[in-house]
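**Student:** Pasting a structure below so you can have a look.
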Amino acid sequence: MINSQDIKKGTCIRMDGKLYFCIDFLHRKPGKGNTIMNVTLKDVVNGGVIERRFNIGERLEDVHVERRSYQYLYAEDAGYVFMNNETYEQVTIPGDLIAAVKFMKEGQNVEVVVDASTETILYVELPAKVHLTVAWTEPGLKGDTATNTLKPARLESGAEIRIPLFINEGDLIEVDTRDGSYLGRVKA
């Protein structure tokens, strides 16, 4: 149990039978009365965001979470198979627990967030930026570098994004996994 004033960004609490991560907080002292905490919480399971207000000194159930490094191996019918980089144990994780699953490629390292008390996997987080090869796109025309026009492309992971006209098949690009946007070409 923790006091409400001890909540910080990244703190995980159990409330109403659900797990929430704190994404923002604010101590407020109104003119009269006690100090209160305004907290913005993100649901671990469905990603919904709620705002709650707690009185200072209110007791909350905290959840001890650990971030562990895993390597993505392959996909199967039951989900995606990952290997713990320290113990070499393999686990299958359903796709709905993986953020930006369409940008994952075999051999990639990811962070698996685990409830340490029950060893329950909460979710899988990819790095913010990944390097992927363009598997298919329409050919670019010479001189098409001056405009911000984009064309569709399919990446080696199977994801489809929009890229600038000057990018060709086989080019290595950097992609933001949070919104699927093109960030730039990677020099080999």
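Chain lettering (A, B, ...) mirrors the order of the structure tokens, residue numbering begins at 1 for each chain separately, and ligand numbering begins at 1 in order of display.
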Name all residues at most 8 Å from Glu156 of chain A (count only C-alpha atoms; drop same-chain ones fewer than 4 positions away) and give them as a ChimeraX atom specification.

**Tutor:** /A:105,132-135

**Student:** Env of Arg185 of chain A: 12 Å cut, atoms = only C-alpha atoms, seq-sep filter 4 positions within chain, self excluded. Answer as a ChimeraX atom specification.

**Tutor:** /A:130-134,163-164,166-168,170-175

**Student:** Identify, on the basis of only C-alpha atoms, every residue whose closest approach to segment 44-48 of chain A does not exceed 10 Å; exclude the query and any residue fewer than 3 positions from it along the same chain; express the result as a PyMOL selection string.

**Tutor:** chain A and resi 12+18-21+41+96-97+122-123

**Student:** For Ile50 of chain A, work out the shell of residues within 9 Å, counting only C-alpha atoms and skipping chain neighbours fewer than 3 positions away, then give it as a PyMOL selection string.

**Tutor:** chain A and resi 39-43

**Student:** Please return, as a PyMOL selection string, all residues of chain A that DSSP assigns to strand (DSSP E) on the basis of the backbone.

**Tutor:** chain A and resi 2-3+12-15+18-28+36-43+49-55+59-62+65-76+79-84+90-93+109-115+120-125+129-137+150-155+160-164+172-176+181-185

**Student:** So the first atom is atom CA of Leu155 of chain A and the second is atom CA of Lys187 of chain A; what is the distance between them in Å, to one decimal place?

**Tutor:**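 Atom CA of Leu155 of chain A sits 16.8 Å away from atom CA of Lys187 of chain A.
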
**Student:** So that I can check the surroundings of segment 28-36 of chain A, please list as a PyMOL selection string every protein, DNA and RNA residue that reaches within 6 Å of it, counting only C-alpha atoms and ignoring chain neighbours fewer than 4 positions away.

**Tutor:** chain A and resi 54-56

**Student:** Could you check which of A:Val81, A:Ala100, A:Val112, A:Gly180 is closest to Arg154 of chain A, using only C-alpha atoms?

**Tutor:**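 Answer, going by the shortest atom-to-atom distance: A:Gly180.
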
**Student:** Given only C-alpha atoms as the basis, pick out the residue of A:Thr137, A:Asn3, A:Thr92, A:Ser181 nearest to Ile121 of chain A.

**Tutor:**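 For Ile121 of chain A, the nearest of the candidates is A:Thr92.
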
**Student:** Give the answer as one residue: which of A:Ile2, A:Val110, A:Ala128, A:Leu26 has the shortest atom-to-atom distance to Asn84 of chain A, using only C-alpha atoms?

**Tutor:** A:Val110

**Student:** Tell me which of A:Glu86, A:Glu66, A:Asp77, A:Glu169 sits closest to Thr120 of chain A, counting only C-alpha atoms.

**Tutor:**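 When distances to Thr120 of chain A are compared using only C-alpha atoms, the smallest one comes from A:Glu66.
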
**Student:** Can you pull out every residue from chain A that DSSP, working from the backbone, puts in helix (DSSP H, G or I), and format the result as a PyMOL selection string?

**Tutor:** chain A and resi 4-6+95-97+101-103
